[in-house]
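Participant: Sending over target.txt (compact mmCIF, C-alpha atoms and all ligand atoms).
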```txt
# COMPACT_ATOMS: atom_id res chain seq x y z
CA MET A 217 44.34 -19.87 56.54
CA THR A 218 42.70 -23.33 56.16
CA ASN A 219 41.62 -24.69 52.75
CA GLY A 220 42.43 -21.28 51.31
CA LYS A 221 39.81 -19.74 53.58
CA LEU A 222 40.44 -16.95 56.04
CA LYS A 223 39.35 -18.02 59.53
CA ILE A 224 37.79 -15.29 61.66
CA ILE A 225 36.45 -15.45 65.21
CA CYS A 226 33.83 -12.79 66.02
CA VAL A 227 33.13 -12.07 69.67
CA CYS A 228 30.09 -10.59 71.37
CA GLY A 229 29.13 -10.62 75.03
CA ALA A 230 26.94 -7.81 76.27
CA ARG A 231 23.74 -6.21 74.99
CA PRO A 232 25.24 -3.34 72.97
CA ASN A 233 27.57 -5.80 71.19
CA PHE A 234 24.75 -7.68 69.51
CA MET A 235 23.58 -4.91 67.17
CA LYS A 236 27.23 -4.22 66.28
CA ILE A 237 28.20 -7.82 65.51
CA ALA A 238 24.99 -8.62 63.56
CA PRO A 239 25.88 -6.83 60.27
CA ILE A 240 29.50 -8.00 60.51
CA VAL A 241 28.54 -11.67 60.84
CA ASP A 242 26.03 -11.17 58.05
CA ALA A 243 28.69 -9.71 55.73
CA LEU A 244 31.14 -12.50 56.60
CA ARG A 245 28.69 -15.36 56.17
CA GLY A 246 27.96 -14.07 52.65
CA ARG A 247 31.54 -14.84 51.55
CA ASP A 248 32.85 -18.24 50.53
CA ASP A 249 36.50 -17.25 51.12
CA VAL A 250 35.94 -16.82 54.87
CA GLU A 251 35.11 -19.23 57.69
CA THR A 252 33.42 -17.48 60.60
CA ILE A 253 33.19 -18.66 64.19
CA LEU A 254 30.87 -16.71 66.48
CA VAL A 255 31.72 -16.70 70.18
CA HIS A 256 29.32 -15.37 72.85
CA THR A 257 31.11 -14.80 76.14
CA GLY A 258 27.89 -14.95 78.15
CA GLN A 259 28.64 -11.61 79.88
CA HIS A 260 24.92 -10.89 79.44
CA TYR A 261 22.69 -13.93 79.74
CA ASP A 262 19.08 -12.95 80.56
CA ARG A 263 16.80 -13.65 77.60
CA ALA A 264 15.83 -9.96 77.40
CA MET A 265 19.50 -8.90 77.47
CA SER A 266 20.78 -11.46 74.97
CA GLN A 267 18.77 -14.24 73.23
CA LEU A 268 15.98 -11.88 72.15
CA PHE A 269 18.51 -9.78 70.22
CA PHE A 270 19.84 -12.84 68.39
CA GLU A 271 16.31 -13.74 67.33
CA GLU A 272 15.24 -10.25 66.30
CA LEU A 273 18.46 -9.40 64.47
CA GLY A 274 18.79 -12.81 62.79
CA ILE A 275 22.21 -13.45 64.34
CA PRO A 276 23.09 -17.13 63.99
CA GLU A 277 23.29 -19.22 67.14
CA PRO A 278 26.82 -18.74 68.58
CA ASP A 279 29.21 -21.58 67.77
CA VAL A 280 30.57 -21.28 71.31
CA ASN A 281 29.09 -19.78 74.49
CA LEU A 282 31.64 -19.21 77.25
CA GLU A 283 28.84 -18.72 79.84
CA VAL A 284 30.89 -16.47 82.10
CA GLY A 285 27.97 -14.55 83.65
CA SER A 286 28.34 -11.65 86.07
CA GLY A 287 31.14 -10.84 88.47
CA SER A 288 33.53 -8.09 89.51
CA HIS A 289 35.59 -6.63 86.67
CA ALA A 290 38.59 -8.81 87.49
CA VAL A 291 36.54 -11.97 87.91
CA GLN A 292 34.54 -11.42 84.73
CA THR A 293 37.53 -10.38 82.59
CA GLY A 294 39.71 -13.18 83.98
CA LEU A 295 37.08 -15.86 83.40
CA ILE A 296 36.49 -14.73 79.81
CA MET A 297 40.25 -14.93 79.19
CA GLN A 298 40.56 -18.39 80.72
CA ARG A 299 37.67 -19.77 78.71
CA PHE A 300 38.51 -17.99 75.44
CA GLU A 301 42.15 -19.09 75.25
CA PRO A 302 41.44 -22.80 74.52
CA ILE A 303 38.91 -21.77 71.85
CA CYS A 304 41.60 -19.75 70.07
CA MET A 305 44.12 -22.54 70.46
CA ALA A 306 41.71 -25.10 69.00
CA HIS A 307 40.55 -23.01 66.05
CA LYS A 308 43.76 -21.07 65.29
CA PRO A 309 41.96 -18.19 63.55
CA ASP A 310 43.72 -15.64 61.35
CA TRP A 311 41.72 -12.78 62.85
CA LEU A 312 39.67 -11.90 65.89
CA ILE A 313 37.00 -9.23 65.48
CA VAL A 314 35.87 -7.48 68.68
CA VAL A 315 33.34 -4.65 68.93
CA GLY A 316 32.68 -1.84 71.39
CA ASP A 317 34.15 -1.34 74.84
CA VAL A 318 32.81 -3.95 77.24
CA ASN A 319 34.84 -6.38 79.36
CA SER A 320 34.40 -9.10 76.70
CA THR A 321 36.10 -6.81 74.16
CA ILE A 322 39.38 -6.31 76.03
CA ALA A 323 39.46 -9.82 77.53
CA CYS A 324 39.27 -11.57 74.15
CA ALA A 325 41.58 -9.08 72.42
CA MET A 326 44.24 -9.67 75.07
CA VAL A 327 44.04 -13.46 74.71
CA ALA A 328 44.26 -13.34 70.91
CA VAL A 329 47.15 -10.91 70.66
CA LYS A 330 49.30 -13.05 72.98
CA LEU A 331 48.65 -16.07 70.78
CA GLY A 332 49.79 -14.16 67.71
CA ILE A 333 46.26 -13.79 66.32
CA LYS A 334 45.57 -10.47 64.61
CA VAL A 335 42.90 -8.31 66.24
CA ALA A 336 40.44 -5.98 64.51
CA HIS A 337 38.59 -3.54 66.79
CA VAL A 338 35.29 -2.15 65.55
CA GLU A 339 34.28 1.19 67.14
CA ALA A 340 37.90 2.07 67.88
CA GLY A 341 39.23 5.46 68.92
CA LEU A 342 36.27 6.78 70.95
CA ARG A 343 37.44 8.58 74.10
CA SER A 344 35.50 10.14 76.97
CA PHE A 345 38.82 11.15 78.62
CA ASP A 346 37.26 9.92 81.85
CA ARG A 347 39.32 7.07 83.27
CA THR A 348 36.81 6.41 86.04
CA MET A 349 34.61 4.80 83.34
CA PRO A 350 35.45 1.10 83.01
CA GLU A 351 34.70 1.34 79.28
CA GLU A 352 37.37 4.03 78.80
CA ILE A 353 40.01 1.65 80.14
CA ASN A 354 38.70 -1.11 77.88
CA ARG A 355 38.86 1.24 74.85
CA LEU A 356 42.39 2.46 75.53
CA LEU A 357 43.78 -1.01 76.07
CA THR A 358 41.97 -2.68 73.17
CA ASP A 359 43.05 0.02 70.72
CA SER A 360 46.66 -0.14 71.83
CA ILE A 361 46.93 -3.87 70.94
CA SER A 362 44.76 -4.01 67.81
CA ASP A 363 46.12 -4.52 64.28
CA LEU A 364 43.18 -2.91 62.49
CA LEU A 365 41.13 -0.12 64.04
CA PHE A 366 37.75 0.65 62.49
CA VAL A 367 36.50 4.08 63.51
CA SER A 368 32.96 5.49 63.45
CA GLU A 369 33.61 9.25 63.61
CA PRO A 370 36.53 11.64 62.89
CA SER A 371 37.29 12.29 66.61
CA GLY A 372 38.35 8.63 66.82
CA VAL A 373 40.96 9.07 64.11
CA GLU A 374 42.37 12.15 65.88
CA ASN A 375 42.50 10.32 69.22
CA LEU A 376 44.33 7.33 67.79
CA CYS A 377 46.78 9.53 65.93
CA ARG A 378 47.54 11.45 69.14
CA GLU A 379 48.11 8.14 70.95
CA GLY A 380 50.70 7.16 68.35
CA ILE A 381 48.76 4.42 66.55
CA ALA A 382 50.16 3.99 63.02
CA ASN A 383 47.99 5.67 60.38
CA GLU A 384 47.81 2.61 58.16
CA LYS A 385 46.04 0.60 60.88
CA VAL A 386 43.23 3.16 61.24
CA HIS A 387 40.19 3.27 58.96
CA LEU A 388 37.26 5.66 59.22
CA VAL A 389 34.40 3.41 58.07
CA GLY A 390 31.22 4.68 59.76
CA ASN A 391 28.96 3.10 62.31
CA VAL A 392 27.93 -0.59 62.32
CA MET A 393 25.20 0.06 64.88
CA ILE A 394 23.56 2.31 62.31
CA ASP A 395 23.73 -0.50 59.72
CA THR A 396 21.49 -2.50 62.05
CA LEU A 397 19.20 0.43 62.81
CA LEU A 398 18.59 1.23 59.14
CA ARG A 399 17.94 -2.43 58.35
CA SER A 400 15.49 -2.77 61.24
CA LYS A 401 13.49 0.47 61.03
CA GLU A 402 10.70 -0.92 58.90
CA ARG A 403 10.17 -3.97 61.10
CA ALA A 404 10.35 -1.81 64.22
CA SER A 405 7.65 0.49 62.91
CA GLU A 406 5.25 -2.50 63.09
CA SER A 407 5.81 -2.94 66.84
CA ASN A 408 2.71 -2.31 68.96
CA ILE A 409 4.70 -1.20 72.00
CA LEU A 410 3.10 2.27 72.04
CA ASP A 411 -0.39 0.76 72.27
CA SER A 412 0.62 -1.71 74.93
CA LEU A 413 2.05 1.11 77.05
CA GLY A 414 -0.86 3.44 76.29
CA VAL A 415 1.32 6.26 74.94
CA SER A 416 0.95 8.18 71.69
CA SER A 417 3.55 9.03 69.08
CA GLY A 418 5.47 12.18 70.04
CA GLY A 419 3.77 12.30 73.43
CA TYR A 420 6.18 10.66 75.88
CA VAL A 421 9.77 10.56 77.09
CA VAL A 422 12.01 7.45 77.11
CA VAL A 423 14.65 6.93 79.79
CA THR A 424 17.54 4.47 80.04
CA LEU A 425 20.08 4.43 82.86
CA HIS A 426 22.72 1.88 83.69
CA ARG A 427 26.11 3.62 84.15
CA PRO A 428 27.63 2.80 87.54
CA SER A 429 28.32 6.55 88.02
CA ASN A 430 24.56 7.24 87.86
CA VAL A 431 22.89 4.20 89.35
CA ASP A 432 25.41 2.83 91.86
CA ASP A 433 25.47 6.08 93.84
CA PRO A 434 22.12 6.37 95.70
CA ASN A 435 22.22 10.20 95.86
CA THR A 436 22.82 10.61 92.14
CA PHE A 437 20.23 7.98 91.25
CA ALA A 438 17.69 9.67 93.56
CA SER A 439 18.33 13.14 92.01
CA ILE A 440 17.76 11.71 88.53
CA LEU A 441 14.58 9.89 89.59
CA ASN A 442 13.33 13.08 91.20
CA ALA A 443 13.73 14.97 87.92
CA LEU A 444 12.00 12.15 86.04
CA LYS A 445 9.10 12.22 88.48
CA ILE A 446 8.64 15.95 87.84
CA ILE A 447 8.85 15.42 84.07
CA SER A 448 6.22 12.68 84.34
CA ASP A 449 3.74 15.23 85.70
CA GLU A 450 3.94 16.79 82.22
CA LEU A 451 4.58 13.86 79.85
CA PRO A 452 4.48 10.10 80.36
CA VAL A 453 7.94 8.69 81.13
CA VAL A 454 8.81 5.15 79.98
CA PHE A 455 11.82 3.65 81.75
CA PRO A 456 12.89 0.15 80.67
CA ILE A 457 15.12 -0.85 83.57
CA HIS A 458 18.55 -2.47 83.14
CA PRO A 459 19.21 -5.26 85.70
CA ARG A 460 21.99 -3.22 87.36
CA SER A 461 19.60 -0.29 87.91
CA ARG A 462 16.78 -2.59 89.02
CA ALA A 463 19.03 -4.02 91.72
CA ASN A 464 19.96 -0.54 92.94
CA LEU A 465 16.37 0.72 92.98
CA SER A 466 15.65 -1.56 95.90
CA THR A 467 17.91 0.60 98.10
CA LEU A 468 15.98 3.82 97.35
CA ASP A 469 12.80 5.31 98.75
CA LEU A 470 10.54 5.19 95.68
CA ASP A 471 7.30 6.32 97.22
CA GLY A 472 6.64 9.38 95.04
CA VAL A 473 7.83 7.67 91.90
CA SER A 474 6.04 4.35 92.12
CA LYS A 475 2.70 6.03 92.81
CA SER A 476 2.80 7.94 89.54
CA THR A 477 0.95 6.09 86.75
CA ASN A 478 2.68 8.42 84.27
CA PHE A 479 6.08 7.01 85.27
CA MET A 480 6.30 3.55 83.74
CA MET A 481 9.11 1.39 85.05
CA ILE A 482 9.17 -1.67 82.82
CA ASP A 483 11.42 -4.64 82.11
CA PRO A 484 14.17 -4.31 79.46
CA LEU A 485 12.77 -4.35 75.92
CA GLY A 486 13.91 -6.17 72.82
CA TYR A 487 15.62 -4.29 69.99
CA LEU A 488 12.57 -3.73 67.77
CA ASP A 489 10.23 -2.52 70.54
CA PHE A 490 12.92 -0.23 71.88
CA LEU A 491 13.69 1.18 68.44
CA LYS A 492 10.00 1.93 67.88
CA LEU A 493 9.79 3.56 71.31
CA THR A 494 12.82 5.73 70.49
CA MET A 495 11.67 6.64 66.98
CA ASP A 496 8.37 8.02 68.25
CA ALA A 497 9.58 9.64 71.49
CA SER A 498 9.40 13.34 72.19
CA MET A 499 12.81 13.08 73.86
CA VAL A 500 15.19 10.40 75.15
CA LEU A 501 17.07 10.79 78.44
CA THR A 502 19.92 8.32 78.68
CA ASP A 503 23.42 7.51 79.85
CA SER A 504 23.98 4.94 77.08
CA GLY A 505 26.64 5.46 74.43
CA GLY A 506 24.82 3.84 71.53
CA ILE A 507 21.52 5.60 72.12
CA GLN A 508 23.23 8.97 71.60
CA GLU A 509 24.06 7.74 68.09
CA GLU A 510 20.68 6.16 67.38
CA THR A 511 18.76 9.32 68.34
CA THR A 512 21.08 11.36 66.10
CA ILE A 513 20.12 9.22 63.10
CA LEU A 514 16.45 9.26 64.04
CA GLY A 515 16.41 13.03 64.60
CA VAL A 516 15.02 12.57 68.12
CA PRO A 517 16.29 14.97 70.84
CA CYS A 518 18.61 13.22 73.29
CA LEU A 519 19.58 14.47 76.73
CA THR A 520 22.60 12.51 77.94
CA LEU A 521 22.92 12.32 81.71
CA ARG A 522 26.70 12.45 81.74
CA GLU A 523 29.46 15.05 82.02
CA ASN A 524 31.21 13.80 78.90
CA THR A 525 30.69 11.73 75.81
CA GLU A 526 33.09 9.60 73.78
CA ARG A 527 30.83 10.33 70.79
CA PRO A 528 31.27 14.09 70.27
CA ILE A 529 29.86 14.02 66.74
CA THR A 530 26.42 13.50 68.27
CA LEU A 531 26.83 16.91 69.95
CA ALA A 532 28.38 18.70 66.97
CA GLU A 533 26.17 17.28 64.22
CA GLY A 534 23.43 15.30 65.96
CA THR A 535 20.60 15.89 68.39
CA ASN A 536 22.52 15.19 71.59
CA ARG A 537 23.17 17.41 74.61
CA LEU A 538 24.94 16.66 77.90
CA THR A 539 23.76 17.57 81.38
CA ASP A 540 24.92 17.28 84.98
CA CYS A 541 22.83 14.85 86.97
CA THR A 542 21.37 17.21 89.57
CA THR A 543 17.58 17.48 89.52
CA ASP A 544 17.72 21.18 88.59
CA ALA A 545 20.23 20.75 85.77
CA ILE A 546 18.23 17.89 84.22
CA LEU A 547 14.97 19.86 84.41
CA GLN A 548 16.51 23.00 82.96
CA ALA A 549 18.02 21.12 80.00
CA TYR A 550 14.77 19.19 79.48
CA ARG A 551 12.78 22.44 79.33
CA GLU A 552 15.22 24.11 76.97
CA ILE A 553 15.06 21.15 74.60
CA ARG A 554 11.27 21.06 74.75
CA ALA A 555 11.14 24.77 73.91
CA SER A 556 13.62 24.46 71.09
CA PRO A 557 14.29 20.90 69.91
CA PRO A 558 17.67 20.46 68.16
CA SER A 559 17.79 19.48 64.52
CA GLY A 560 20.67 17.26 63.52
CA LYS A 561 22.18 15.84 60.37
CA THR A 562 23.50 12.40 59.50
CA PRO A 563 27.25 12.04 60.17
CA ALA A 564 29.39 11.01 57.19
CA LEU A 565 29.46 7.27 56.47
CA TRP A 566 26.59 6.44 58.82
CA ASP A 567 24.86 5.07 55.75
CA GLY A 568 24.09 1.43 56.49
CA HIS A 569 27.14 0.06 54.63
CA THR A 570 29.81 0.10 57.32
CA ALA A 571 30.08 -3.68 57.86
CA GLY A 572 30.72 -4.21 54.14
CA ARG A 573 33.54 -1.64 54.21
CA ILE A 574 35.09 -3.30 57.27
CA ILE A 575 35.12 -6.79 55.76
CA GLN A 576 36.51 -5.54 52.47
CA ILE A 577 39.42 -3.83 54.24
CA LEU A 578 40.05 -6.77 56.57
CA VAL A 579 40.02 -9.42 53.84
CA GLY A 580 42.07 -7.15 51.57
CA SER A 581 44.79 -6.73 54.19
CA SER A 582 45.12 -10.47 54.94
C1 LIG A 601 27.94 -3.75 80.62
C2 LIG A 601 29.16 -3.00 80.03
C3 LIG A 601 28.73 -1.59 79.64
C4 LIG A 601 27.53 -1.62 78.73
C5 LIG A 601 26.41 -2.40 79.40
C6 LIG A 601 25.19 -2.49 78.56
C7 LIG A 601 31.36 -3.53 80.95
C8 LIG A 601 32.45 -3.05 81.83
N1 LIG A 601 30.21 -2.86 81.04
O1 LIG A 601 27.56 -3.10 81.81
O2 LIG A 601 29.80 -0.98 78.95
O3 LIG A 601 27.12 -0.31 78.43
O4 LIG A 601 26.89 -3.73 79.68
O5 LIG A 601 24.16 -3.16 79.21
O6 LIG A 601 31.56 -4.45 80.20
N2 LIG A 601 22.81 -8.70 84.92
C9 LIG A 601 21.69 -9.48 84.84
N3 LIG A 601 21.44 -10.13 83.67
C10 LIG A 601 22.27 -10.05 82.59
C11 LIG A 601 23.41 -9.25 82.71
C12 LIG A 601 23.68 -8.59 83.86
O7 LIG A 601 20.92 -9.58 85.77
O8 LIG A 601 21.98 -10.66 81.54
C13 LIG A 601 23.06 -7.94 86.17
C14 LIG A 601 23.99 -8.62 87.13
O9 LIG A 601 23.54 -8.36 88.41
C15 LIG A 601 25.29 -7.92 86.90
C16 LIG A 601 24.86 -6.51 86.54
O10 LIG A 601 23.64 -6.68 85.83
O11 LIG A 601 26.11 -7.97 88.03
C17 LIG A 601 25.84 -5.76 85.68
O12 LIG A 601 26.21 -6.52 84.52
P1 LIG A 601 27.68 -6.33 83.87
O13 LIG A 601 27.79 -7.14 82.64
O14 LIG A 601 28.71 -6.51 84.92
O15 LIG A 601 27.73 -4.80 83.52
P2 LIG A 601 26.65 -3.82 82.89
O16 LIG A 601 26.28 -2.82 83.90
O17 LIG A 601 25.55 -4.58 82.21
```
Kindly return the structure encoded in the file as structure tokens.
Facilitator:
Amino acid sequence: MTNGKLKIICVCGARPNFMKIAPIVDALRGRDDVETILVHTGQHYDRAMSQLFFEELGIPEPDVNLEVGSGSHAVQTGLIMQRFEPICMAHKPDWLIVVGDVNSTIACAMVAVKLGIKVAHVEAGLRSFDRTMPEEINRLLTDSISDLLFVSEPSGVENLCREGIANEKVHLVGNVMIDTLLRSKERASESNILDSLGVSSGGYVVVTLHRPSNVDDPNTFASILNALKIISDELPVVFPIHPRSRANLSTLDLDGVSKSTNFMMIDPLGYLDFLKLTMDASMVLTDSGGIQEETTILGVPCLTLRENTERPITLAEGTNRLTDCTTDAILQAYREIRASPPSGKTPALWDGHTAGRIIQILVGSS
């Protein structure tokens, strides 16, 4: 503590981190008993993958940008650690707050814990039980070294308890990503993205794909694209393409797909345009984690192109369904959802006030 103030470093690095850190930084900056330092690792760096989110979500300019960029897992994680350590040593914070499950999350948590800095992990406890997913490794490791674990759904509490994490470290607080969604809905509804794409409310499908298991394997990626092409004969398909997927597309034969005007492959969108596109979609097909949660809150059917999810509440209470990634399985699930769209309910504590609960607990326990 300096000048009686608690010093907290908040870290973000990749696209899904930005909507999670935004309400936390907002809640912290509203307090005069806390000094906040925002560190961007630079894991994502394209304007559309990073800066645009800061602008739209009103996140203050980071105090430090580590500018690590892309690389293999070891290179990226190692570089973040090397560049984050001197920042911690210079600032000597009382707490580090990390969010989600990306390489920036585990890299910074590992640096802090070895310097004796307490670590709070937001979105702790989620488990896909699939250790081939890099994020699952990041989740397991970050949770095992964190001092406070803030959990978004009851499965997370059960998982942490089973892994032997002490009860008093674990707090079920709800979902910070939903704080941002609820705050942004009104502004998103003013987006003119539907007009610019020439689609009408309720009359199109949105697709996002970026998991290595789906887009790094050419056969799997081709089977998914084949299903999407068939769907686009029925309803327009809008596919904002993640840079990883864009790079892999160049290895595929896209003849059938690229000739279809109903299959719109576009650049990544900002938060508000994408939220509007999701809100008004007939269905979302995705392999993202966060989008499974956002569609649950918005009541939009979601078909998740994965064998598992670390967010089982979206299946039990929300609008989410899983599918294998063969063309036939995707089409069958798509048709079943079209015939009988799921109706979901809002999970407990996904009420827009999660960041406030987190900061109250964190400051109270310091
Ligand atoms: C990362 C996260 C993943 C998260 C996803 C959201 C890890 C292990 N993975 O995956 O959990 O769901 O972000 O997007 O942390 N690239 C650009 N511009 C950028 C960023 C990346 O062109 O601003 C390209 C680079 O070619 C890079 C590739 O995308 O090699 C992958 O980026 P990387 O950060 O390694 O992983 P993601 O697939 O984005």
Participant: Would you compute the distance between atom N2 of ligand LIG 601 (chain A) and CA of Arg460 in chain A? Give it in Å to one decimal.
Facilitator: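 Between atom N2 of ligand LIG 601 (chain A) and CA of Arg460 in chain A the gap is 6.1 Å.
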Participant: So which residues touch Gly372 in chain A within 8 Å, counting all atoms listed in the file, skipping near sequence neighbours fewer than 2 positions away, as number ranges by chain?
Facilitator: A: 340-343, 367-370, 374-376
Participant: What's the 8 Å shell around range 217-227 of chain A, counting all atoms listed in the file, without same-chain residues fewer than 3 positions away, as a ChimeraX atom specification?
Facilitator: /A:237,241,248-257,308-315,320-321,324,579
Participant: Can you check which parts of chain A lie within 9 Å of ligand LIG 601 (chain A)? Per residue, the shortest pair of atoms and distance in Å to one decimal, counting only C-alpha atoms and all ligand atoms, sorted by chain and number, as CSV.
Facilitator:
```
residue,atom,partner,partner_atom,distance
A:Gly229,CA,A:LIG601,O6,8.4
A:Ala230,CA,A:LIG601,O4,5.3
A:Arg231,CA,A:LIG601,O5,5.2
A:Pro232,CA,A:LIG601,C6,5.7
A:Asn233,CA,A:LIG601,C6,8.4
A:Gly258,CA,A:LIG601,O8,8.1
A:Gln259,CA,A:LIG601,O13,5.3
A:His260,CA,A:LIG601,O8,3.6
A:Tyr261,CA,A:LIG601,O8,3.8
A:Asp262,CA,A:LIG601,O8,3.8
A:Arg263,CA,A:LIG601,O8,7.2
A:Ala264,CA,A:LIG601,O8,7.4
A:Met265,CA,A:LIG601,O8,5.1
A:Ser266,CA,A:LIG601,O8,6.7
A:Gly285,CA,A:LIG601,C11,7.1
A:Ser286,CA,A:LIG601,O11,4.7
A:Gly287,CA,A:LIG601,O11,5.8
A:Ser288,CA,A:LIG601,O14,6.8
A:His289,CA,A:LIG601,C8,6.8
A:Gln292,CA,A:LIG601,O14,7.6
A:Thr293,CA,A:LIG601,O6,8.7
A:Gly316,CA,A:LIG601,O2,8.1
A:Asp317,CA,A:LIG601,O2,6.0
A:Val318,CA,A:LIG601,O6,3.3
A:Asn319,CA,A:LIG601,O6,3.9
A:Ser320,CA,A:LIG601,O6,6.5
A:Thr321,CA,A:LIG601,O6,7.9
A:Met349,CA,A:LIG601,C8,8.3
A:Pro350,CA,A:LIG601,C8,5.3
A:Glu351,CA,A:LIG601,O2,5.4
A:Asn354,CA,A:LIG601,C8,7.6
A:His426,CA,A:LIG601,O16,5.9
A:Arg427,CA,A:LIG601,O16,6.4
A:Pro428,CA,A:LIG601,O16,6.8
A:His458,CA,A:LIG601,O5,6.9
A:Pro459,CA,A:LIG601,O7,4.6
A:Arg460,CA,A:LIG601,O10,4.1
A:Ser461,CA,A:LIG601,O10,7.8
A:Arg462,CA,A:LIG601,O10,8.6
A:Ala463,CA,A:LIG601,O9,7.1
A:Asp503,CA,A:LIG601,O3,8.8
A:Ser504,CA,A:LIG601,O3,6.3
A:Gly505,CA,A:LIG601,O3,7.0
A:Gly506,CA,A:LIG601,O3,8.4
```
Participant: Can you tell me, as a PDB file with C-alpha atoms, in the frame of the given file, what residues are no more than 10 Å from Met481 in chain A when counting all atoms listed in the file, ignoring any on the same chain fewer than 3 positions away?
Facilitator:
```
ATOM      1  CA  VAL A 423      14.650   6.930  79.790  1.00  0.00           C
ATOM      2  CA  VAL A 453       7.940   8.690  81.130  1.00  0.00           C
ATOM      3  CA  VAL A 454       8.810   5.150  79.980  1.00  0.00           C
ATOM      4  CA  PHE A 455      11.820   3.650  81.750  1.00  0.00           C
ATOM      5  CA  PRO A 456      12.890   0.150  80.670  1.00  0.00           C
ATOM      6  CA  ILE A 457      15.120  -0.850  83.570  1.00  0.00           C
ATOM      7  CA  ARG A 462      16.780  -2.590  89.020  1.00  0.00           C
ATOM      8  CA  VAL A 473       7.830   7.670  91.900  1.00  0.00           C
ATOM      9  CA  SER A 474       6.040   4.350  92.120  1.00  0.00           C
ATOM     10  CA  THR A 477       0.950   6.090  86.750  1.00  0.00           C
ATOM     11  CA  ASN A 478       2.680   8.420  84.270  1.00  0.00           C
ATOM     12  CA  PRO A 484      14.170  -4.310  79.460  1.00  0.00           C
TER      13      PRO A 484
END
```
Participant: Place a sphere of radius 9 Å on (12.3, 12.2, 80.8) in the file coordinates and name every protein, DNA or RNA residue with an atom inside or on its surface, counting all atoms listed in the file; give the answer as an mmCIF file with C-alpha atoms, keeping the file's coordinate frame.
Facilitator:
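Once written, part-v3.cif looks like this:
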```cif
data_model
loop_
_atom_site.group_PDB
_atom_site.id
_atom_site.type_symbol
_atom_site.label_atom_id
_atom_site.label_comp_id
_atom_site.auth_asym_id
_atom_site.auth_seq_id
_atom_site.Cartn_x
_atom_site.Cartn_y
_atom_site.Cartn_z
ATOM 1 C CA TYR A 420 6.180 10.660 75.880
ATOM 2 C CA VAL A 421 9.770 10.560 77.090
ATOM 3 C CA VAL A 422 12.010 7.450 77.110
ATOM 4 C CA VAL A 423 14.650 6.930 79.790
ATOM 5 C CA ALA A 443 13.730 14.970 87.920
ATOM 6 C CA LEU A 444 12.000 12.150 86.040
ATOM 7 C CA LYS A 445 9.100 12.220 88.480
ATOM 8 C CA ILE A 446 8.640 15.950 87.840
ATOM 9 C CA ILE A 447 8.850 15.420 84.070
ATOM 10 C CA SER A 448 6.220 12.680 84.340
ATOM 11 C CA LEU A 451 4.580 13.860 79.850
ATOM 12 C CA PRO A 452 4.480 10.100 80.360
ATOM 13 C CA VAL A 453 7.940 8.690 81.130
ATOM 14 C CA VAL A 454 8.810 5.150 79.980
ATOM 15 C CA PHE A 455 11.820 3.650 81.750
ATOM 16 C CA MET A 499 12.810 13.080 73.860
ATOM 17 C CA VAL A 500 15.190 10.400 75.150
ATOM 18 C CA LEU A 501 17.070 10.790 78.440
ATOM 19 C CA THR A 502 19.920 8.320 78.680
ATOM 20 C CA LEU A 519 19.580 14.470 76.730
ATOM 21 C CA ILE A 546 18.230 17.890 84.220
ATOM 22 C CA LEU A 547 14.970 19.860 84.410
ATOM 23 C CA TYR A 550 14.770 19.190 79.480
#
```
Participant: Give me the box for range 435-440 of chain A as AutoDock Vina command-line options, namely the centre and edge lengths in Å to one decimal of a box along x, y and z that holds every listed atom plus 8 Å on each side.
Facilitator:
```
--center_x 20.3 --center_y 10.6 --center_z 92.2 --size_x 21.1 --size_y 21.2 --size_z 23.3
```
Participant: So the first atom is CA of Glu277 in chain A and the second is CA of Cys228 in chain A; what is the distance between them in Å, to one decimal place?
Facilitator: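 It comes out at 11.8 Å.
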Participant: Counting only C-alpha atoms, which residue out of A:Leu485, A:Ile296, A:Ile303, A:Leu397 sits closest to Ala238 in chain A?
Facilitator: A:Leu397
Participant: Expressed in Å to a single decimal, how great is the separation between CA of Thr494 in chain A and CA of Val516 in chain A?
Facilitator: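 Interatomic distance, CA of Thr494 in chain A to CA of Val516 in chain A: 7.6 Å.
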Participant: Using all atoms listed in the file, which of the listed residues (A:Gln548, A:Arg403, A:Val431, A:Glu526) sits closest to Arg347 in chain A?
Facilitator: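 That would be A:Glu526, the residue with the smallest distance to Arg347 in chain A.
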Participant: Restricting the calculation to all atoms listed in the file: of A:Ala545, A:Ile353, A:Val280, A:Ala564, which residue gets closest to Glu533 in chain A?
Facilitator: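 So, comparing all the options, the nearest one is A:Ala564.
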Participant: So which residues fall inside 10 Å of (38.2, 16.1, 81.4) if we count only C-alpha atoms? Mind giving them as an MDAnalysis selection string?
Facilitator: chainID A and resid 344:347 523:524
Participant: Just want the 10 Å neighbourhood of Ser400 in chain A, counted on all atoms listed in the file, with same-chain residues fewer than 6 positions away dropped. Output as a ChimeraX atom specification.
Facilitator: /A:272-273,394,487-488,491-492
Participant: Generate the output file for the selected residues, C-alpha atoms, as a PDB file, keeping the file's coordinate frame.
Facilitator:
```pdb
ATOM      1  CA  GLU A 272      15.240 -10.250  66.300  1.00  0.00           C
ATOM      2  CA  LEU A 273      18.460  -9.400  64.470  1.00  0.00           C
ATOM      3  CA  ILE A 394      23.560   2.310  62.310  1.00  0.00           C
ATOM      4  CA  TYR A 487      15.620  -4.290  69.990  1.00  0.00           C
ATOM      5  CA  LEU A 488      12.570  -3.730  67.770  1.00  0.00           C
ATOM      6  CA  LEU A 491      13.690   1.180  68.440  1.00  0.00           C
ATOM      7  CA  LYS A 492      10.000   1.930  67.880  1.00  0.00           C
TER       8      LYS A 492
END
```
Participant: Could you name the residues that touch Cys304 in chain A at 9 Å or less, counting all atoms listed in the file, but leaving out those on the same chain fewer than 3 positions away, as a list in words?
Facilitator: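 Close residues of Cys304 in chain A: Ile225, Phe300, Glu301, His307, Lys308, Pro309, Val327, Ala328, Leu331 and Ile333 of chain A.
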